[in-house]
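Visitor: File structure_24.txt follows (compact mmCIF, C-alpha atoms):
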```
# COMPACT_ATOMS: atom_id res chain seq x y z
CA MET A 1 -0.34 -2.42 -51.21
CA PRO A 2 -2.11 -1.70 -54.51
CA GLU A 3 -0.09 0.40 -56.94
CA ALA A 4 -2.88 1.34 -59.35
CA GLN A 5 -3.93 4.47 -57.51
CA LYS A 6 -4.46 7.44 -59.81
CA PRO A 7 -2.53 10.60 -58.95
CA LEU A 8 -4.49 12.90 -56.67
CA GLU A 9 -4.48 15.65 -59.30
CA LEU A 10 -6.37 13.38 -61.69
CA ILE A 11 -8.77 12.25 -58.97
CA LEU A 12 -9.64 15.84 -58.13
CA ALA A 13 -9.93 16.73 -61.81
CA ARG A 14 -12.29 13.84 -62.44
CA ASN A 15 -14.40 14.83 -59.44
CA LEU A 16 -14.61 18.36 -60.81
CA LEU A 17 -15.46 17.28 -64.35
CA SER A 18 -18.09 14.85 -63.16
CA SER A 19 -19.76 17.71 -61.29
CA ILE A 20 -20.05 20.22 -64.13
CA SER A 21 -22.16 20.43 -67.25
CA THR A 22 -19.40 21.72 -69.49
CA PRO A 23 -18.29 18.90 -71.79
CA ALA A 24 -14.77 17.83 -70.85
CA PHE A 25 -12.18 15.08 -71.36
CA LEU A 26 -9.46 14.02 -68.93
CA VAL A 27 -6.29 12.27 -70.10
CA ASP A 28 -3.42 10.97 -68.02
CA ALA A 29 0.29 11.61 -68.54
CA GLU A 30 0.52 8.74 -71.02
CA GLY A 31 -2.26 10.23 -73.13
CA THR A 32 -4.91 7.70 -72.21
CA LEU A 33 -8.41 9.14 -72.07
CA VAL A 34 -9.27 8.14 -68.52
CA PHE A 35 -12.59 9.96 -68.19
CA PHE A 36 -15.12 12.14 -69.95
CA ASN A 37 -18.18 13.57 -68.28
CA GLU A 38 -21.86 13.21 -69.06
CA ALA A 39 -21.95 16.47 -70.98
CA ALA A 40 -19.14 15.28 -73.24
CA GLY A 41 -20.92 11.97 -73.55
CA SER A 42 -23.99 13.77 -74.84
CA LEU A 43 -21.85 15.50 -77.42
CA VAL A 44 -20.12 12.41 -78.75
CA GLY A 45 -23.15 10.16 -78.33
CA ARG A 46 -21.51 7.70 -75.98
CA ARG A 47 -21.16 7.45 -72.25
CA PHE A 48 -17.79 6.90 -70.61
CA GLU A 49 -19.21 3.83 -68.92
CA GLU A 50 -19.68 2.38 -72.40
CA THR A 51 -16.30 3.23 -73.87
CA GLY A 52 -14.07 2.88 -70.83
CA ALA A 53 -10.54 4.24 -71.06
CA LEU A 54 -9.22 4.80 -74.57
CA GLY A 55 -5.61 4.75 -75.66
CA PRO A 56 -3.83 7.85 -76.98
CA ARG A 57 -4.70 7.37 -80.62
CA GLU A 58 -7.97 5.55 -80.02
CA TRP A 59 -9.79 8.57 -78.69
CA GLY A 60 -8.46 10.77 -81.48
CA GLU A 61 -9.81 8.36 -84.06
CA ALA A 62 -13.02 7.56 -82.19
CA PHE A 63 -14.29 11.11 -82.30
CA GLY A 64 -12.72 12.01 -85.66
CA PRO A 65 -11.94 15.71 -85.35
CA PHE A 66 -12.12 17.52 -88.68
CA ASP A 67 -10.97 20.94 -89.75
CA ALA A 68 -13.15 23.51 -91.53
CA ALA A 69 -12.40 21.87 -94.87
CA GLY A 70 -13.58 18.52 -93.60
CA ASP A 71 -10.12 17.00 -93.45
CA PRO A 72 -9.14 14.93 -90.41
CA ILE A 73 -6.95 16.79 -87.95
CA PRO A 74 -3.80 14.76 -87.22
CA TRP A 75 -3.69 13.44 -83.68
CA ASP A 76 -0.50 15.32 -82.85
CA GLN A 77 -2.15 18.63 -83.79
CA LEU A 78 -5.14 18.26 -81.48
CA PRO A 79 -5.22 20.74 -78.56
CA LEU A 80 -5.24 17.93 -76.02
CA THR A 81 -2.21 16.32 -77.64
CA ILE A 82 -0.33 19.60 -77.67
CA ALA A 83 -1.15 20.15 -74.00
CA LEU A 84 0.14 16.65 -73.31
CA GLN A 85 3.24 16.69 -75.43
CA HIS A 86 4.32 20.28 -74.96
CA GLY A 87 2.86 21.05 -71.55
CA ARG A 88 1.13 24.24 -72.63
CA PRO A 89 -2.49 25.34 -73.10
CA MET A 90 -4.00 25.18 -76.58
CA HIS A 91 -7.25 26.36 -78.08
CA SER A 92 -8.79 25.64 -81.45
CA ARG A 93 -12.03 25.20 -83.34
CA MET A 94 -12.93 21.95 -85.03
CA HIS A 95 -15.69 19.57 -85.95
CA ILE A 96 -16.40 16.21 -84.42
CA HIS A 97 -18.98 13.60 -85.19
CA SER A 98 -21.04 11.74 -82.67
CA SER A 99 -21.69 8.03 -82.77
CA SER A 100 -24.98 8.77 -84.54
CA GLY A 101 -23.12 10.59 -87.30
CA ASP A 102 -24.15 14.11 -86.29
CA LEU A 103 -21.51 16.73 -87.00
CA HIS A 104 -20.74 19.23 -84.24
CA ASP A 105 -18.90 22.50 -84.60
CA ILE A 106 -16.95 22.98 -81.37
CA GLU A 107 -14.23 25.01 -79.75
CA VAL A 108 -11.73 23.19 -77.56
CA SER A 109 -9.43 24.46 -74.84
CA ALA A 110 -6.85 22.07 -73.47
CA LEU A 111 -4.92 22.66 -70.25
CA PRO A 112 -1.97 20.67 -68.90
CA ILE A 113 -2.13 19.40 -65.31
CA VAL A 114 1.16 19.69 -63.44
CA GLY A 115 1.35 18.37 -59.88
CA THR A 116 4.03 18.68 -57.24
CA GLU A 117 5.58 15.52 -58.64
CA GLY A 118 5.49 16.62 -62.26
CA PHE A 119 3.26 16.32 -65.30
CA ARG A 120 0.04 14.42 -64.62
CA GLY A 121 -2.13 14.80 -67.70
CA ALA A 122 -4.47 17.30 -69.30
CA ILE A 123 -8.06 18.48 -69.43
CA ALA A 124 -9.89 19.44 -72.60
CA ILE A 125 -13.04 21.51 -72.36
CA PHE A 126 -15.42 21.61 -75.31
CA TRP A 127 -17.84 24.29 -76.26
CA PRO A 128 -20.45 23.64 -78.94
CA VAL A 129 -20.63 26.55 -81.37
CA GLY A 130 -24.04 27.45 -82.70
CA GLY A 131 -25.94 30.22 -84.40
CA GLU A 132 -25.15 32.08 -87.60
CA ASP A 133 -22.87 34.50 -85.78
CA GLY A 134 -20.77 31.68 -84.47
CA SER A 135 -21.65 32.41 -80.88
CA ALA A 136 -21.53 29.64 -78.39
CA ALA A 137 -24.73 27.70 -78.14
CA MET B 1 4.02 -1.22 -33.32
CA LYS B 2 2.13 0.77 -30.72
CA ALA B 3 0.14 3.94 -31.35
CA THR B 4 -0.87 6.41 -28.68
CA VAL B 5 -3.08 9.43 -29.22
CA TRP B 6 -1.81 12.73 -27.81
CA GLY B 7 -4.18 14.98 -29.68
CA ALA B 8 -7.29 14.12 -31.70
CA ARG B 9 -8.97 17.47 -32.06
CA GLY B 10 -9.27 19.19 -35.42
CA SER B 11 -8.97 22.80 -36.49
CA VAL B 12 -8.18 24.47 -33.16
CA PRO B 13 -7.46 23.36 -29.58
CA ALA B 14 -10.66 22.95 -27.59
CA PRO B 15 -9.72 22.64 -23.92
CA GLY B 16 -12.30 22.81 -21.18
CA PRO B 17 -14.53 20.73 -18.98
CA GLU B 18 -16.74 19.85 -21.94
CA THR B 19 -13.88 18.09 -23.75
CA ASN B 20 -11.92 16.57 -20.89
CA ARG B 21 -12.66 12.96 -21.73
CA TYR B 22 -11.69 13.01 -25.42
CA GLY B 23 -9.24 15.88 -25.06
CA GLY B 24 -8.80 19.27 -26.63
CA ASN B 25 -5.30 19.03 -28.10
CA THR B 26 -4.90 19.01 -31.86
CA SER B 27 -3.51 16.21 -34.01
CA CYS B 28 -0.61 14.16 -32.71
CA VAL B 29 -0.12 10.39 -32.59
CA GLN B 30 2.96 8.65 -31.22
CA VAL B 31 4.02 5.48 -33.00
CA SER B 32 6.59 3.32 -31.23
CA LEU B 33 8.22 0.55 -33.25
CA GLU B 34 9.49 -2.81 -32.08
CA ASP B 35 13.12 -1.74 -32.55
CA GLY B 36 12.63 1.30 -30.34
CA SER B 37 12.24 3.83 -33.15
CA GLU B 38 9.91 6.68 -32.34
CA LEU B 39 7.65 8.28 -34.94
CA VAL B 40 5.34 11.20 -34.30
CA LEU B 41 2.43 11.79 -36.65
CA ASP B 42 1.76 15.52 -36.84
CA ALA B 43 2.76 18.23 -34.44
CA GLY B 44 -0.50 19.70 -33.22
CA THR B 45 -0.69 20.86 -29.63
CA GLY B 46 -0.74 17.25 -28.49
CA ILE B 47 2.97 17.04 -29.24
CA ARG B 48 3.72 19.26 -26.23
CA PRO B 49 2.72 16.74 -23.56
CA LEU B 50 4.21 13.97 -25.71
CA GLY B 51 7.53 15.79 -25.70
CA LEU B 52 7.48 16.03 -21.95
CA ALA B 53 6.85 12.29 -21.74
CA MET B 54 9.62 11.51 -24.23
CA THR B 55 12.34 13.73 -22.83
CA GLY B 56 15.54 11.77 -22.58
CA THR B 57 14.04 8.55 -23.88
CA ALA B 58 14.83 8.83 -27.60
CA GLU B 59 17.97 10.00 -29.34
CA ARG B 60 16.30 10.21 -32.73
CA ILE B 61 12.70 11.18 -33.40
CA HIS B 62 10.95 11.16 -36.75
CA ILE B 63 8.10 13.63 -37.10
CA LEU B 64 5.81 12.98 -40.06
CA LEU B 65 3.71 16.01 -40.90
CA THR B 66 0.66 15.50 -43.09
CA HIS B 67 0.45 19.18 -43.96
CA LEU B 68 1.22 22.57 -42.53
CA HIS B 69 -2.16 23.83 -41.37
CA MET B 70 -1.82 25.33 -37.93
CA ASP B 71 -3.62 22.54 -36.08
CA HIS B 72 -0.91 20.15 -37.31
CA ILE B 73 2.18 22.21 -36.48
CA GLN B 74 1.14 24.46 -33.64
CA GLY B 75 2.79 22.37 -30.94
CA LEU B 76 6.11 21.98 -32.73
CA MET B 77 7.83 24.87 -30.96
CA PHE B 78 6.82 23.40 -27.62
CA PHE B 79 8.17 19.92 -28.28
CA ALA B 80 10.76 19.52 -25.55
CA PRO B 81 13.18 17.26 -27.50
CA LEU B 82 13.81 20.14 -29.90
CA PHE B 83 15.64 21.84 -27.07
CA HIS B 84 17.94 18.95 -26.24
CA PRO B 85 21.29 19.22 -28.06
CA LYS B 86 21.77 15.46 -28.21
CA THR B 87 18.44 14.75 -29.85
CA ASP B 88 18.25 14.22 -33.60
CA VAL B 89 14.86 15.27 -34.98
CA ILE B 90 13.98 14.54 -38.59
CA ILE B 91 10.84 16.27 -39.85
CA TYR B 92 9.09 15.02 -42.99
CA GLY B 93 6.33 16.88 -44.77
CA PRO B 94 4.69 17.46 -48.14
CA ALA B 95 6.70 18.99 -50.95
CA SER B 96 5.46 22.23 -52.42
CA PRO B 97 6.46 24.05 -55.60
CA GLU B 98 6.24 27.29 -53.67
CA ALA B 99 9.01 26.88 -51.07
CA SER B 100 11.06 24.28 -49.23
CA LEU B 101 9.66 22.54 -46.18
CA THR B 102 12.23 24.33 -44.04
CA ASP B 103 11.17 27.73 -45.30
CA ARG B 104 7.48 27.00 -44.94
CA ILE B 105 7.82 25.81 -41.36
CA ALA B 106 10.14 28.72 -40.61
CA ARG B 107 7.25 31.06 -41.33
CA TYR B 108 5.71 29.74 -38.14
CA ILE B 109 8.90 29.33 -36.15
CA SER B 110 10.00 32.93 -36.61
CA ALA B 111 9.01 36.46 -35.64
CA PRO B 112 6.45 37.71 -35.01
CA LEU B 113 4.84 34.32 -34.29
CA SER B 114 7.74 32.82 -32.37
CA PRO B 115 10.56 34.20 -30.24
CA VAL B 116 12.86 31.41 -31.43
CA GLU B 117 14.06 30.80 -34.99
CA VAL B 118 14.58 27.36 -36.54
CA ARG B 119 18.33 27.95 -36.73
CA GLU B 120 18.41 28.58 -32.96
CA LEU B 121 17.00 25.19 -32.01
CA PRO B 122 19.57 23.34 -29.91
CA CYS B 123 18.76 19.88 -31.28
CA GLN B 124 19.97 18.42 -34.56
CA VAL B 125 16.96 19.11 -36.75
CA SER B 126 16.53 18.42 -40.42
CA PHE B 127 13.61 18.89 -42.78
CA ARG B 128 12.87 16.54 -45.64
CA ASP B 129 10.23 16.34 -48.32
CA ALA B 130 8.49 13.03 -47.81
CA PRO B 131 9.81 10.69 -50.52
CA ASP B 132 7.39 9.60 -53.20
CA ILE B 133 8.60 6.05 -52.80
CA GLU B 134 8.43 3.78 -49.79
CA TRP B 135 11.27 4.31 -47.34
CA GLN B 136 12.49 2.72 -44.14
CA ILE B 137 12.41 4.14 -40.64
CA GLY B 138 13.80 1.68 -38.14
CA SER B 139 11.90 -1.57 -38.36
CA ALA B 140 9.02 -0.09 -40.37
CA SER B 141 8.48 0.84 -43.97
CA VAL B 142 6.76 4.14 -44.53
CA ARG B 143 4.83 5.40 -47.49
CA ALA B 144 3.42 8.87 -48.08
CA SER B 145 0.86 9.83 -50.68
CA SER B 146 -1.08 12.97 -51.50
CA VAL B 147 -4.70 12.95 -50.39
CA ALA B 148 -7.70 15.18 -50.98
CA HIS B 149 -7.55 18.14 -48.63
CA ARG B 150 -6.89 21.83 -49.11
CA GLY B 151 -3.28 22.48 -50.06
CA PRO B 152 -0.46 19.93 -50.32
CA THR B 153 -1.44 17.18 -47.87
CA LEU B 154 -0.15 13.69 -47.26
CA GLY B 155 -1.46 10.55 -45.70
CA TYR B 156 0.97 7.99 -44.30
CA ARG B 157 1.06 4.23 -44.17
CA ILE B 158 3.44 2.59 -41.69
CA THR B 159 4.04 -1.13 -41.93
CA GLU B 160 5.96 -3.24 -39.46
CA GLY B 161 5.78 -6.97 -39.99
CA ASP B 162 2.14 -7.96 -40.31
CA THR B 163 0.86 -4.79 -38.68
CA SER B 164 0.03 -1.63 -40.58
CA LEU B 165 -1.29 1.80 -39.75
CA ALA B 166 -2.77 4.34 -42.14
CA TYR B 167 -2.97 7.90 -40.87
CA ILE B 168 -5.21 10.22 -42.90
CA PRO B 169 -6.42 12.81 -40.42
CA ASP B 170 -7.55 15.46 -42.90
CA HIS B 171 -9.33 13.97 -45.85
CA GLU B 172 -12.36 14.59 -48.02
CA PRO B 173 -12.31 11.66 -50.44
CA ALA B 174 -15.94 12.06 -51.43
CA LEU B 175 -15.68 15.67 -52.56
CA GLY B 176 -17.69 15.94 -55.75
CA ALA B 177 -18.29 12.23 -56.10
CA SER B 178 -19.96 9.46 -54.17
CA LEU B 179 -17.48 6.85 -52.99
CA ASP B 180 -19.94 4.19 -54.03
CA SER B 181 -19.75 5.39 -57.64
CA LEU B 182 -15.95 5.42 -57.94
CA GLY B 183 -13.59 2.64 -58.88
CA ASP B 184 -10.92 1.84 -56.32
CA GLU B 185 -8.17 3.55 -58.30
CA TRP B 186 -10.16 6.80 -58.30
CA ILE B 187 -10.55 7.06 -54.53
CA SER B 188 -8.11 9.38 -52.80
CA GLY B 189 -6.12 7.50 -50.16
CA TYR B 190 -7.30 4.07 -51.27
CA ALA B 191 -3.86 2.56 -51.86
CA LEU B 192 -2.58 3.95 -48.57
CA ALA B 193 -5.35 2.41 -46.54
CA LYS B 194 -6.18 -0.82 -48.38
CA ASP B 195 -6.38 -3.78 -45.96
CA VAL B 196 -4.67 -1.79 -43.22
CA SER B 197 -4.71 -3.07 -39.65
CA LEU B 198 -5.70 0.30 -38.24
CA LEU B 199 -7.05 3.31 -40.13
CA ILE B 200 -6.93 6.64 -38.29
CA HIS B 201 -9.22 8.83 -40.34
CA ASP B 202 -10.88 12.20 -40.44
CA ALA B 203 -14.43 12.13 -39.04
CA GLN B 204 -14.93 15.79 -38.36
CA TYR B 205 -18.54 16.28 -39.31
CA THR B 206 -21.93 14.79 -38.82
CA ASP B 207 -23.95 14.35 -41.98
CA ALA B 208 -26.08 17.33 -40.96
CA GLU B 209 -23.03 19.56 -40.50
CA TYR B 210 -21.28 18.60 -43.70
CA PRO B 211 -23.24 20.61 -46.31
CA ALA B 212 -22.16 23.86 -44.69
CA HIS B 213 -18.52 22.72 -44.77
CA MET B 214 -18.30 20.93 -48.10
CA GLY B 215 -14.93 21.53 -49.74
CA TRP B 216 -13.17 22.41 -46.50
CA GLY B 217 -11.20 19.19 -46.74
CA HIS B 218 -12.89 17.04 -44.11
CA SER B 219 -15.21 14.07 -44.03
CA ARG B 220 -18.71 13.51 -42.79
CA ILE B 221 -19.17 10.31 -40.85
CA THR B 222 -21.01 8.62 -43.71
CA ASP B 223 -18.00 9.06 -45.98
CA THR B 224 -15.55 8.02 -43.26
CA LEU B 225 -17.40 4.76 -42.84
CA ALA B 226 -17.76 4.27 -46.59
CA PHE B 227 -14.04 4.83 -47.08
CA ALA B 228 -13.09 2.43 -44.28
CA HIS B 229 -15.44 -0.15 -45.74
CA ARG B 230 -14.06 0.24 -49.27
CA VAL B 231 -10.47 -0.20 -48.13
CA ALA B 232 -11.42 -3.09 -45.84
CA ALA B 233 -9.68 -1.59 -42.82
CA GLN B 234 -9.58 -4.04 -39.94
CA ARG B 235 -10.08 -1.23 -37.45
CA LEU B 236 -11.13 2.38 -37.78
CA ALA B 237 -10.33 5.15 -35.30
CA LEU B 238 -12.45 8.27 -35.74
CA PHE B 239 -10.15 11.28 -35.58
CA HIS B 240 -9.92 15.06 -36.01
CA HIS B 241 -12.89 15.81 -33.80
CA ASP B 242 -14.61 19.08 -34.53
CA PRO B 243 -13.89 21.66 -31.80
CA MET B 244 -17.65 22.15 -31.43
CA HIS B 245 -18.14 18.49 -30.53
CA ASP B 246 -18.07 18.05 -26.78
CA ASP B 247 -17.69 14.76 -24.92
CA ASP B 248 -21.38 14.00 -24.74
CA MET B 249 -21.79 14.63 -28.43
CA LEU B 250 -18.83 12.37 -29.28
CA ASP B 251 -20.30 9.61 -27.11
CA GLY B 252 -23.37 9.59 -29.30
CA PHE B 253 -21.34 10.09 -32.47
CA VAL B 254 -19.29 6.93 -32.04
CA THR B 255 -22.32 4.96 -30.87
CA ASP B 256 -24.13 5.93 -34.05
CA ALA B 257 -21.07 5.16 -36.17
CA ALA B 258 -20.76 1.69 -34.67
CA GLU B 259 -24.44 1.02 -35.32
CA ARG B 260 -24.13 2.13 -38.91
CA TRP B 261 -21.06 -0.07 -39.28
CA ARG B 262 -23.12 -2.97 -38.03
CA GLU B 263 -25.80 -2.15 -40.61
CA ARG B 264 -23.12 -2.64 -43.27
CA GLY B 265 -22.78 -6.18 -42.00
CA CYS B 266 -19.55 -5.46 -40.16
CA ASP B 267 -18.40 -5.89 -36.59
CA PRO B 268 -19.03 -2.72 -34.55
CA ALA B 269 -16.01 -3.63 -32.42
CA GLN B 270 -13.91 -2.48 -35.38
CA ILE B 271 -14.97 1.11 -34.74
CA ALA B 272 -13.11 3.23 -32.19
CA ILE B 273 -12.78 6.90 -31.45
CA ALA B 274 -9.47 8.53 -30.65
CA ARG B 275 -9.01 9.89 -27.17
CA GLU B 276 -6.00 11.63 -25.73
CA ARG B 277 -3.36 9.66 -23.83
CA ARG B 278 -4.92 6.37 -24.87
CA PRO B 279 -3.43 3.66 -27.06
CA LEU B 280 -5.17 2.49 -30.18
CA ASP B 281 -5.83 -1.18 -30.69
CA PHE B 282 -4.34 -2.96 -33.70
CA ALA B 283 -5.62 -6.42 -32.93
CA ARG B 284 -8.17 -7.90 -35.27
CA PRO B 285 -11.58 -8.04 -33.57
CA ARG B 286 -12.46 -11.45 -32.30
CA ALA B 287 -15.18 -12.42 -34.73
CA PRO B 288 -17.30 -10.65 -37.32
CA GLY B 289 -20.77 -9.94 -36.05
CA ALA B 290 -19.74 -9.93 -32.43
CA SER B 291 -22.05 -8.05 -30.19
CA PRO B 292 -20.81 -4.60 -29.25
CA SER B 293 -21.58 -5.47 -25.69
CA SER B 294 -19.02 -8.26 -25.91
CA ALA B 295 -16.39 -5.68 -26.75
CA SER B 296 -16.78 -2.25 -25.28
CA ALA B 297 -20.25 -1.03 -25.95
CA PRO B 298 -20.53 2.16 -27.93
CA GLY B 299 -21.47 5.01 -25.71
CA SER B 300 -20.82 3.14 -22.52
CA ALA B 301 -17.25 2.69 -23.73
CA ALA B 302 -16.94 6.39 -24.29
CA ARG B 303 -18.07 6.97 -20.75
CA SER B 304 -15.52 4.50 -19.53
CA PRO B 305 -11.79 5.10 -19.98
CA ASP B 306 -11.53 2.58 -22.83
CA VAL B 307 -10.90 4.27 -26.16
CA THR B 308 -9.75 1.28 -28.10
CA SER B 309 -13.14 0.12 -29.13
CA ALA B 310 -16.39 1.89 -29.40
```
Output the structure of this file as C-alpha cells.

Guide:
Amino acid sequence: MPEAQKPLELILARNLLSSISTPAFLVDAEGTLVFFNEAAGSLVGRRFEETGALGPREWGEAFGPFDAAGDPIPWDQLPLTIALQHGRPMHSRMHIHSSSGDLHDIEVSALPIVGTEGFRGAIAIFWPVGGEDGSAA
Amino acid sequence: MKATVWGARGSVPAPGPETNRYGGNTSCVQVSLEDGSELVLDAGTGIRPLGLAMTGTAERIHILLTHLHMDHIQGLMFFAPLFHPKTDVIIYGPASPEASLTDRIARYISAPLSPVEVRELPCQVSFRDAPDIEWQIGSASVRASSVAHRGPTLGYRITEGDTSLAYIPDHEPALGASLDSLGDEWISGYALAKDVSLLIHDAQYTDAEYPAHMGWGHSRITDTLAFAHRVAAQRLALFHHDPMHDDDMLDGFVTDAAERWRERGCDPAQIAIARERRPLDFARPRAPGASPSSASAPGSAARSPDVTSA
C-alpha cells in the first residue's frame, strides 16, 4: 500500500485554499511548501505548477521577504516559520518581490494546523496592502 | 475473506415496500476471515439482524466504526452478542481530541436515549481508538486512515493474503477539487483503496442531487467512479444509498454507473451495488471489456437476487 498519502488535514486545507481568492501558502509539518493557490501565484509571479514543492528555506529565499527598512527578514522570524516551529498564530507586515521584480507590501497571518494525530503544518494567508492610508487593497 | 452486507442505507433507516430489494437498514458489513475471526464494519441498524445470526457463533467480535454519526451506531444497542456474558466485543473507532471513544459512544448508550448504560452490558466490551499504524486481527492486517467527511471519520483497509477490502462508506474526496486535477497523494482515501480487491464506497447522490448537498460529506456517482478508477479498484460496490432512493431508482442508478464505467474503458462487471443479506464478490472479473450481459446485466441484475455484480 502506498505510504505517500498526505494527512487529511493538509488535503482539506489544500482543497480550501484552491477554492478561494485570498492568497495563501500551505506548508507541511517539515516546513516544506506543499501548495500555494492561484491568488498567491499572482502575487509572487509564479504558479505552483511551475515551482512545485519547495523546501523549508527555499521558499523563504525564493520570495525574499523584506522588512520596512528593506532588510531581509530571517527565515526563522517569518510568521509561517513561527507557526511551524512554535505552534502558534503569528501576524506581521512585510514586503515581498515577485519574479518580475515588483515589490509588494503585504500583511501575513500564519496559523498552525493541528490534527487528531498531532501537528500537521501551517497556513499563511497574505493580504496586499495598498493606498496611502495603508488599507488593504 | 467473505463480506456480507447487512445494511447499505445512508443517513437514516428507510424500511418499506419501496426499499425491500436493496434494504432499508443503515451501514453494517460483516467480514469473516479464513481463521474464523469475525469483523463488523459499522453498527448501523443492519447490525441488529447480524447479531441475531451470529448469536453463539463467535466468542470474540471486532467492531470497526468509521465514525459516530447515528446511522453508523444506531444498531449497536440491539446487537445481541453484547448481551452474552461470554462474548468479547472489541470496538474500534476514530480518536477525537474532545473525548474518549468510550465517552462518546456512552452519550448514545445512556439516558435519555437508552435504558441501558455501557457499564451494564453483560459482555466483555472494550473501546479502542483505531491505531494509526497497521495492526493484526486474526488472519488479517487492518489499517485505518482519516478520510474526508464531517467530523473525525475513518476508512478501513482489511488485507488477508492476496485479498483486500477497503471500506469507505462516508466520503467526499472531491470536495473543493476535481479528482482529475489532484495528484494521488492529495486524494483522501487513496492509500487505503489503492489496488484493492473490493472497494465499498459512498455513492449517495446522483450528479443532479449533489449540488444541494455539497459539503455534507458524501459522494456523487461521478466522483465515486472517478475515485474507484484512480485507485484501480478491482471491484466497486456502491454503498450508503440515499434514503430517498427506492429500489426502482437504484436499479437505474447502478445500470447507469456500469455504463459510465464502460465508457472509461473498464469492465462493467466490476461495478456492483450493495444489497442487504447478500455477499459481495471479491473475485477479479473474468476479462476486461466483458459484456455486462455475460456477467449479471445492470438493471436486470438488480431485479434478480444477484447483488454481486451490476

Visitor: Rounded to one decimal, what separation in Å do you get between CA of Gly161 in chain B and CA of Thr66 in chain B?

Guide: 23.3 Å

Visitor: Compute the chain A side of the contact with chain B at 8 Å, counting all atoms listed in the file, and hand it back as a VMD selection string.

Guide: chain A and resid 1 to 8 11 to 12 15 to 16 18 to 19 116

Visitor: Given the point (-20.5, 4.6, -73.2) in the coordinates of this file, which residues lie within 12 Å, counting all atoms listed in the file, and how would they look as a count of residues only?

Guide: 21

Visitor: From (-11.9, 16.7, -38.8), in the file's coordinates, out to 6 Å: which residues are reached, counting only C-alpha atoms? Answer as a ChimeraX atom specification.

Guide: /B:10,202-204,218,240-242

Visitor: Could you tell me how far CA of Val142 in chain B sits from CA of Leu41 in chain B, in Å to one decimal place?

Guide: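 Between CA of Leu41 in chain B and CA of Val142 in chain B the gap works out to 11.8 Å.
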
Visitor: Separation of CA of Leu121 in chain B and CA of Cys28 in chain B, in Å?

Guide: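 So the two atoms, CA of Leu121 in chain B and CA of Cys28 in chain B, lie 20.8 Å apart.
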
Visitor: Provide an axis-aligned box for all listed atoms of range 124-129 of chain A, padding each side by 8 Å; report its centre and its edge lengths in Å to one decimal, as lines of an AutoDock Vina configuration file.

Guide:
```
center_x = -15.3
center_y = 23.0
center_z = -76.9
size_x = 26.7
size_y = 23.1
size_z = 25.0
```

Visitor: So which residues touch range 280-284 of chain B within 7 Å, counting only C-alpha atoms, skipping near sequence neighbours fewer than 6 positions away, as a PyMOL selection string?

Guide: chain B and resi 3-4+197-198+234+308
